$ cat entry.cif   # mmCIF, C-alpha atoms and all ligand atoms
data_target
#
loop_
_atom_site.label_atom_id
_atom_site.label_comp_id
_atom_site.auth_asym_id
_atom_site.auth_seq_id
_atom_site.Cartn_x
_atom_site.Cartn_y
_atom_site.Cartn_z
CA MET T 24 182.74 -75.40 6.81
CA ILE T 25 183.44 -72.23 4.83
CA VAL T 26 182.27 -68.88 6.24
CA VAL T 27 182.20 -65.95 3.81
CA SER T 28 181.06 -62.36 4.14
CA GLU T 29 182.04 -60.98 0.75
CA ILE T 30 179.98 -61.41 -2.41
CA GLN T 31 182.91 -62.06 -4.76
CA GLU T 32 184.27 -64.79 -2.51
CA LEU T 33 180.85 -66.42 -2.41
CA LYS T 34 180.47 -66.24 -6.19
CA ASN T 35 183.87 -67.85 -6.78
CA ILE T 36 182.90 -70.84 -4.65
CA ILE T 37 179.48 -71.17 -6.31
CA THR T 38 181.14 -71.07 -9.76
CA ASP T 39 183.47 -73.91 -8.75
CA TRP T 40 180.58 -76.00 -7.40
CA LYS T 41 178.52 -75.41 -10.54
CA LYS T 42 181.48 -76.37 -12.74
CA ALA T 43 181.79 -79.60 -10.77
CA GLY T 44 178.11 -80.31 -11.48
CA LEU T 45 177.05 -80.06 -7.83
CA SER T 46 173.51 -79.07 -6.85
CA ILE T 47 173.02 -76.35 -4.26
CA GLY T 48 170.50 -76.18 -1.42
CA PHE T 49 169.93 -72.82 0.25
CA CYS T 50 168.49 -72.09 3.71
CA PRO T 51 168.08 -68.35 4.26
CA THR T 52 167.89 -67.34 7.95
CA MET T 53 168.15 -64.35 10.22
CA GLY T 54 170.26 -66.35 12.69
CA SER T 55 169.50 -67.32 16.30
CA LEU T 56 169.14 -70.78 14.91
CA HIS T 57 166.91 -73.39 16.52
CA ALA T 58 165.83 -76.93 15.67
CA GLY T 59 163.35 -75.60 13.08
CA HIS T 60 166.22 -74.08 11.08
CA LEU T 61 168.20 -77.29 11.44
CA ASP T 62 165.28 -79.17 9.85
CA LEU T 63 165.77 -76.98 6.77
CA VAL T 64 169.46 -77.87 6.74
CA GLU T 65 168.76 -81.56 7.14
CA ARG T 66 166.30 -81.51 4.27
CA SER T 67 168.73 -79.59 2.08
CA LYS T 68 171.53 -82.05 2.83
CA LYS T 69 169.27 -84.94 1.85
CA GLU T 70 168.16 -83.37 -1.42
CA THR T 71 171.21 -81.48 -2.70
CA ASN T 72 175.02 -81.83 -2.83
CA LYS T 73 176.02 -78.58 -1.12
CA THR T 74 174.13 -76.69 1.58
CA ILE T 75 174.42 -72.94 2.11
CA VAL T 76 172.96 -71.14 5.14
CA SER T 77 172.76 -67.36 5.09
CA ILE T 78 172.62 -65.43 8.35
CA PHE T 79 171.48 -61.85 7.90
CA VAL T 80 169.05 -59.84 9.99
CA ASN T 81 167.46 -57.97 7.13
CA PRO T 82 166.60 -54.39 8.14
CA THR T 83 164.22 -53.74 5.22
CA GLN T 84 161.66 -56.30 6.40
CA PHE T 85 161.14 -54.78 9.87
CA ASN T 86 158.30 -52.30 9.91
CA ASP T 87 158.96 -51.65 13.61
CA PRO T 88 162.49 -50.32 14.34
CA LYS T 89 162.25 -51.55 17.95
CA ASP T 90 161.61 -55.09 16.71
CA PHE T 91 164.75 -54.85 14.54
CA GLU T 92 166.86 -53.55 17.44
CA ASN T 93 165.63 -56.32 19.73
CA TYR T 94 166.03 -59.15 17.24
CA PRO T 95 168.27 -61.75 18.94
CA ILE T 96 171.77 -62.20 17.52
CA ASN T 97 173.79 -65.29 18.35
CA THR T 98 176.39 -65.67 15.62
CA ASN T 99 178.98 -67.82 17.41
CA ALA T 100 176.39 -70.35 18.56
CA ASP T 101 174.84 -70.31 15.05
CA LEU T 102 178.17 -71.09 13.39
CA LYS T 103 178.78 -73.92 15.83
CA LEU T 104 175.37 -75.43 15.08
CA CYS T 105 175.92 -75.13 11.33
CA GLU T 106 179.31 -76.80 11.63
CA GLU T 107 177.84 -79.65 13.70
CA LYS T 108 175.04 -80.13 11.17
CA GLY T 109 177.46 -80.40 8.25
CA VAL T 110 176.56 -77.13 6.49
CA ASP T 111 179.02 -76.54 3.65
CA LEU T 112 178.99 -72.75 3.58
CA VAL T 113 177.63 -69.96 5.76
CA PHE T 114 177.09 -66.60 4.08
CA LEU T 115 177.35 -63.88 6.71
CA PRO T 116 177.16 -60.50 4.99
CA ASP T 117 176.80 -57.09 6.66
CA VAL T 118 174.19 -54.47 5.77
CA LYS T 119 176.52 -52.49 3.46
CA THR T 120 177.30 -55.61 1.48
CA MET T 121 173.65 -56.45 0.93
CA TYR T 122 172.45 -52.87 0.45
CA PRO T 123 175.27 -50.83 -1.13
CA GLU T 124 172.78 -48.73 -3.10
CA THR T 125 170.15 -47.05 -0.95
CA LYS T 126 169.20 -44.15 -3.21
CA THR T 127 167.06 -46.12 -5.64
CA PRO T 128 165.35 -48.89 -3.69
CA ILE T 129 163.48 -51.53 -5.67
CA LEU T 130 160.13 -52.64 -4.33
CA LEU T 131 158.86 -56.10 -5.18
CA SER T 132 155.42 -57.11 -4.03
CA ILE T 133 152.59 -59.50 -4.81
CA PRO T 134 149.65 -57.36 -3.67
CA GLU T 135 147.01 -60.08 -3.95
CA LEU T 136 148.89 -62.41 -1.59
CA GLN T 137 149.85 -59.59 0.78
CA LYS T 138 146.39 -58.11 1.41
CA HIS T 139 145.76 -60.11 4.57
CA LEU T 140 147.56 -61.66 7.55
CA CYS T 141 151.11 -60.26 8.09
CA GLY T 142 150.90 -58.35 4.80
CA ARG T 143 148.08 -56.27 6.28
CA THR T 144 149.45 -55.70 9.76
CA ARG T 145 153.16 -55.32 8.85
CA PRO T 146 153.19 -52.85 5.95
CA GLY T 147 156.38 -53.12 3.91
CA HIS T 148 157.39 -56.44 5.48
CA PHE T 149 157.03 -58.64 2.41
CA GLU T 150 158.59 -56.02 0.12
CA GLY T 151 161.66 -56.30 2.37
CA VAL T 152 161.53 -60.09 2.38
CA LEU T 153 161.18 -60.32 -1.41
CA GLN T 154 163.99 -57.83 -1.94
CA ILE T 155 166.48 -59.70 0.24
CA VAL T 156 165.42 -63.20 -0.83
CA SER T 157 165.67 -62.35 -4.53
CA LYS T 158 169.15 -60.87 -3.96
CA LEU T 159 170.21 -63.97 -2.01
CA PHE T 160 168.84 -66.24 -4.74
CA HIS T 161 170.93 -64.40 -7.35
CA LEU T 162 174.03 -64.68 -5.20
CA THR T 163 173.72 -68.31 -4.12
CA GLU T 164 172.15 -69.71 -7.34
CA PRO T 165 170.42 -72.58 -5.53
CA ASN T 166 168.64 -75.50 -7.16
CA LYS T 167 166.38 -75.70 -4.13
CA ALA T 168 165.58 -73.20 -1.37
CA PHE T 169 164.08 -74.27 1.95
CA PHE T 170 161.60 -72.25 4.03
CA GLY T 171 159.71 -73.04 7.23
CA LEU T 172 155.94 -73.32 6.94
CA LYS T 173 155.46 -71.43 10.23
CA ASP T 174 155.85 -68.38 7.98
CA TYR T 175 153.21 -69.74 5.63
CA GLN T 176 152.43 -66.43 3.93
CA GLN T 177 156.15 -65.85 3.36
CA PHE T 178 156.39 -69.30 1.77
CA ARG T 179 153.46 -68.55 -0.55
CA VAL T 180 154.70 -65.08 -1.50
CA ILE T 181 158.24 -66.33 -2.25
CA SER T 182 156.89 -69.32 -4.21
CA ALA T 183 154.79 -66.93 -6.32
CA MET T 184 157.77 -64.63 -6.94
CA VAL T 185 159.92 -67.59 -8.03
CA LYS T 186 157.22 -68.80 -10.41
CA ASN T 187 156.29 -65.40 -11.84
CA LEU T 188 159.85 -64.12 -12.28
CA ASN T 189 161.18 -67.47 -13.56
CA PHE T 190 163.83 -68.03 -10.94
CA PRO T 191 165.40 -71.39 -11.89
CA LEU T 192 164.88 -73.07 -8.54
CA GLU T 193 162.40 -75.02 -6.48
CA VAL T 194 160.96 -73.58 -3.27
CA VAL T 195 160.48 -76.27 -0.62
CA GLY T 196 158.22 -75.77 2.43
CA VAL T 197 159.36 -77.57 5.60
CA PRO T 198 156.85 -78.40 8.38
CA THR T 199 156.93 -76.33 11.56
CA ARG T 200 159.08 -77.69 14.38
CA ARG T 201 157.35 -77.42 17.77
CA GLU T 202 158.35 -77.35 21.44
CA GLU T 203 157.09 -80.16 23.67
CA ASP T 204 153.92 -78.20 24.54
CA GLY T 205 153.21 -77.47 20.87
CA LEU T 206 154.50 -73.88 20.67
CA ALA T 207 156.05 -73.28 17.26
CA MET T 208 159.81 -72.80 17.47
CA SER T 209 160.86 -69.25 16.72
CA SER T 210 164.00 -67.19 17.25
CA ARG T 211 161.74 -64.76 19.12
CA ASN T 212 160.80 -67.35 21.79
CA VAL T 213 164.01 -66.60 23.71
CA ARG T 214 162.68 -63.11 24.38
CA LEU T 215 159.64 -64.43 26.28
CA THR T 216 159.78 -64.10 30.07
CA GLU T 217 159.05 -67.29 32.00
CA LYS T 218 155.50 -66.12 32.66
CA HIS T 219 154.90 -65.12 29.04
CA ARG T 220 156.34 -68.42 27.84
CA GLU T 221 153.64 -70.15 29.86
CA THR T 222 150.99 -67.85 28.37
CA ALA T 223 152.28 -68.58 24.85
CA ASN T 224 151.07 -72.13 25.36
CA LEU T 225 147.56 -70.76 24.71
CA ILE T 226 148.46 -70.70 21.00
CA PRO T 227 148.83 -74.48 20.42
CA ARG T 228 145.88 -75.02 22.74
CA MET T 229 143.85 -72.62 20.59
CA PHE T 230 144.56 -74.74 17.52
CA ALA T 231 143.42 -77.83 19.43
CA LEU T 232 140.23 -75.97 20.40
CA ALA T 233 139.66 -74.92 16.78
CA ASN T 234 139.92 -78.52 15.58
CA LYS T 235 137.62 -79.74 18.34
CA THR T 236 135.05 -77.02 17.65
CA ILE T 237 135.03 -77.76 13.91
CA LEU T 238 134.86 -81.49 14.55
CA GLY T 239 131.93 -80.79 16.86
CA GLY T 240 130.06 -79.35 13.87
CA GLU T 241 130.62 -75.59 14.11
CA ARG T 242 130.54 -74.08 10.59
CA ASP T 243 130.09 -70.38 11.35
CA ILE T 244 133.46 -68.68 10.77
CA HIS T 245 132.57 -65.59 12.82
CA LEU T 246 131.47 -67.67 15.77
CA LEU T 247 134.57 -69.87 15.53
CA LYS T 248 136.82 -66.80 15.50
CA GLU T 249 134.96 -65.35 18.48
CA ILE T 250 135.43 -68.57 20.46
CA LEU T 251 139.15 -68.64 19.63
CA ARG T 252 139.67 -64.93 20.39
CA ASP T 253 137.94 -65.28 23.76
CA PHE T 254 140.15 -68.26 24.53
CA LEU T 255 143.39 -66.43 23.63
CA LEU T 256 142.37 -63.37 25.60
CA THR T 257 142.19 -65.40 28.80
CA GLY T 258 145.96 -64.74 28.77
CA ALA T 259 146.40 -61.41 30.60
CA SER T 260 149.29 -60.19 28.47
CA VAL T 261 147.95 -61.32 25.08
CA ARG T 262 147.14 -58.85 22.30
CA ILE T 263 145.79 -60.27 19.05
CA ASP T 264 147.37 -58.78 15.93
CA TYR T 265 145.19 -60.91 13.66
CA LEU T 266 143.28 -64.16 13.70
CA GLU T 267 142.05 -65.12 10.25
CA VAL T 268 140.64 -68.02 8.28
CA VAL T 269 141.83 -67.87 4.68
CA ASP T 270 142.17 -70.02 1.59
CA PRO T 271 145.62 -71.70 1.78
CA GLU T 272 146.23 -71.12 -1.96
CA ASN T 273 145.27 -67.48 -2.58
CA LEU T 274 145.28 -66.31 1.06
CA GLN T 275 141.88 -64.59 0.68
CA PRO T 276 139.40 -64.74 3.59
CA LYS T 277 137.10 -67.77 3.50
CA GLU T 278 133.37 -67.11 3.64
CA LYS T 279 132.52 -70.63 4.72
CA LEU T 280 134.15 -73.32 6.80
CA GLU T 281 134.52 -75.92 4.06
CA GLY T 282 137.28 -77.80 2.25
CA GLU T 283 140.81 -76.75 3.17
CA VAL T 284 141.21 -73.65 5.28
CA LEU T 285 144.27 -71.96 6.75
CA LEU T 286 143.78 -70.77 10.31
CA ALA T 287 146.52 -68.22 10.92
CA LEU T 288 147.31 -65.87 13.74
CA ALA T 289 149.78 -63.34 15.07
CA VAL T 290 149.65 -62.41 18.73
CA PHE T 291 151.75 -60.28 20.99
CA VAL T 292 152.55 -62.02 24.25
CA GLY T 293 153.95 -59.16 26.27
CA GLU T 294 156.25 -57.40 23.78
CA VAL T 295 156.96 -60.47 21.66
CA ARG T 296 155.05 -61.07 18.43
CA LEU T 297 154.45 -64.74 17.66
CA ILE T 298 152.87 -66.25 14.56
CA ASP T 299 151.51 -69.70 13.82
CA ASN T 300 149.11 -71.39 11.44
CA GLN T 301 147.46 -74.68 10.62
CA ILE T 302 145.75 -76.04 7.54
CA ILE T 303 142.51 -77.73 8.52
CA SER T 304 140.59 -80.05 6.19
CA ILE T 305 136.87 -79.80 6.81
CA GLN T 306 134.56 -82.64 5.88
CA ASN T 307 131.02 -81.41 5.39
O1 LIG S 1 162.18 -66.21 7.51
C1 LIG S 1 163.18 -65.50 7.73
O2 LIG S 1 163.99 -65.76 8.61
C2 LIG S 1 163.43 -64.28 6.85
O3 LIG S 1 162.23 -63.66 6.52
C3 LIG S 1 164.27 -64.57 5.60
C4 LIG S 1 163.56 -65.53 4.67
C5 LIG S 1 165.61 -65.15 6.01
C6 LIG S 1 164.52 -63.28 4.83
O4 LIG S 1 165.22 -62.35 5.59
#
$ encode --input "entry.cif" --output "structure tokens" --more "lines below"
Ligand code: PAF
Amino acid sequence: MIVVSEIQELKNIITDWKKAGLSIGFCPTMGSLHAGHLDLVERSKKETNKTIVSIFVNPTQFNDPKDFENYPINTNADLKLCEEKGVDLVFLPDVKTMYPETKTPILLSIPELQKHLCGRTRPGHFEGVLQIVSKLFHLTEPNKAFFGLKDYQQFRVISAMVKNLNFPLEVVGVPTRREEDGLAMSSRNVRLTEKHRETANLIPRMFALANKTILGGERDIHLLKEILRDFLLTGASVRIDYLEVVDPENLQPKEKLEGEVLLALAVFVGEVRLIDNQIISIQN
């Protein structure tokens, strides 16, 4: 496995691979890798000839400086996992390499898709994500890029950027990997105390309750949200950032519980912010 930190070194390798006619799969990450990230790698290895993983905790996407400072870093373990999984190249740049020019920042955004969910409660987050992902796409020149569907809004926003700005690549969404009790895997889970980890189990149980309530005939969105909020708030240390029902395509709030809906939430359990979502098909 090759590990590179410099852009020129990365570009030389990509040029050689392209010359040899090899396709490239790219899995961008912020490190602290878990089985969900490894699913991206596995998929990339199946569908392309060479797999690149980037590990970079991107400062421009953190609207809360404390969250950035506390983001877990685990580079040695990450490299070991990548090696074991058969990753071909890990790109491990530092902040100066990715952001040499800070005087004239470029802001990319897709306002329509960012009005709700994380776009509403984390101002500037998706501008930071789009900035770094577009830079990484230019540097790694992938044929396919793999993103976890736990960050559903991120997946939609990046897919729209790729389509609208004609990036020559396919964005692939990979299903969320879950712990045994249903909690979505996240690099942030390691920051949960034992007690808060138990409380976090309310999230998958809330999705089960949502499905059961809808199956039982409930069609009032406000009532459904109230039931789910009350359920989550039985956890003493839970603070709801948002709980929304939106259209999975345009991410606008649904007026009615019909067809396909995306139930998405972000909650703080103690200090740790967790997100999750589910697409629910409603038969009327
Ligand atoms: O999903 C993430 O880990 C990050 O938002 C990403 C896509 C690596 C950009 O920094």
$ closest_residue --input "entry.cif" --among "T:Phe170, T:Ser46, T:Ile244, T:Leu206" --to "T:Ala231" --atoms "only C-alpha atoms"
T:Leu206
$ residues_near_ligand --input "entry.cif" --ligand "ligand LIG 1 (chain S)" --cutoff "9 Å" --atoms "all atoms listed in the file" --output "ChimeraX atom specification"
/T:50-54,60,77-84,148-149,151-156,159,170-171,173-174,177-178,181,210
$ write_last_selection --input "entry.cif" --atoms "C-alpha atoms" --output "compact mmCIF listing (two decimals), in the frame of the given file"
# COMPACT_ATOMS: atom_id res chain seq x y z
CA CYS T 50 168.49 -72.09 3.71
CA PRO T 51 168.08 -68.35 4.26
CA THR T 52 167.89 -67.34 7.95
CA MET T 53 168.15 -64.35 10.22
CA GLY T 54 170.26 -66.35 12.69
CA HIS T 60 166.22 -74.08 11.08
CA SER T 77 172.76 -67.36 5.09
CA ILE T 78 172.62 -65.43 8.35
CA PHE T 79 171.48 -61.85 7.90
CA VAL T 80 169.05 -59.84 9.99
CA ASN T 81 167.46 -57.97 7.13
CA PRO T 82 166.60 -54.39 8.14
CA THR T 83 164.22 -53.74 5.22
CA GLN T 84 161.66 -56.30 6.40
CA HIS T 148 157.39 -56.44 5.48
CA PHE T 149 157.03 -58.64 2.41
CA GLY T 151 161.66 -56.30 2.37
CA VAL T 152 161.53 -60.09 2.38
CA LEU T 153 161.18 -60.32 -1.41
CA GLN T 154 163.99 -57.83 -1.94
CA ILE T 155 166.48 -59.70 0.24
CA VAL T 156 165.42 -63.20 -0.83
CA LEU T 159 170.21 -63.97 -2.01
CA PHE T 170 161.60 -72.25 4.03
CA GLY T 171 159.71 -73.04 7.23
CA LYS T 173 155.46 -71.43 10.23
CA ASP T 174 155.85 -68.38 7.98
CA GLN T 177 156.15 -65.85 3.36
CA PHE T 178 156.39 -69.30 1.77
CA ILE T 181 158.24 -66.33 -2.25
CA SER T 210 164.00 -67.19 17.25
$ residues_around --input "entry.cif" --residues "T:Arg143" --least-positions-apart "5" --cutoff "12 Å" --atoms "all atoms listed in the file" --output "list in words"
Asn86, Pro134, Glu135, Leu136, Gln137, Lys138, His148, Phe149, Gln176, Asp264, Tyr265, Leu266, Glu267, Leu274, Gln275 and Ala289 of chain T
$ atom_distance --input "entry.cif" --atom1 "atom CA of T:Arg211" --atom2 "atom CA of T:Asp111"
26.0 Å
$ atom_distance --input "entry.cif" --atom1 "atom CA of T:Asp87" --atom2 "atom CA of T:Pro146"
9.7 Å
$ residues_around --input "entry.cif" --residues "stretch 68-70 of chain T" --least-positions-apart "3" --cutoff "10 Å" --atoms "all atoms listed in the file" --output "number ranges by chain"
T: 46-49, 62-65, 73-75, 108-111, 166-167
$ closest_residue --input "entry.cif" --among "T:Leu61, T:Leu286, T:Val213, T:Val76" --to "T:Ile96" --atoms "only C-alpha atoms"
T:Val213
$ residues_around --input "entry.cif" --residues "T:Lys103" --least-positions-apart "2" --cutoff "12 Å" --atoms "all atoms listed in the file" --output "NGL selection string"
:T and (24 or 26 or 54-57 or 61 or 97-101 or 105-110 or 113)
$ atom_distance --input "entry.cif" --atom1 "atom CA of T:Phe291" --atom2 "atom CA of T:Glu241"
27.0 Å
$ closest_residue --input "entry.cif" --among "T:Glu217, T:Ile129, T:Ser67, T:Gly205" --to "T:Glu193" --atoms "all atoms listed in the file"
T:Ser67
$ closest_atom_pairs --input "entry.cif" --of "stretch 155-245 of chain T" --to "stretch 35-40 of chain T" --cutoff "10 Å" --atoms "only C-alpha atoms" --output "JSON lines"
{"residue": "T:Leu162", "atom": "CA", "partner": "T:Ile37", "partner_atom": "CA", "distance": 8.5}
{"residue": "T:Thr163", "atom": "CA", "partner": "T:Ile37", "partner_atom": "CA", "distance": 6.8}
{"residue": "T:Glu164", "atom": "CA", "partner": "T:Ile37", "partner_atom": "CA", "distance": 7.5}
{"residue": "T:Pro165", "atom": "CA", "partner": "T:Ile37", "partner_atom": "CA", "distance": 9.2}
$ closest_residue --input "entry.cif" --among "T:Glu203, T:Leu131, T:Asn300, T:Gly142" --to "T:Leu188" --atoms "all atoms listed in the file"
T:Leu131
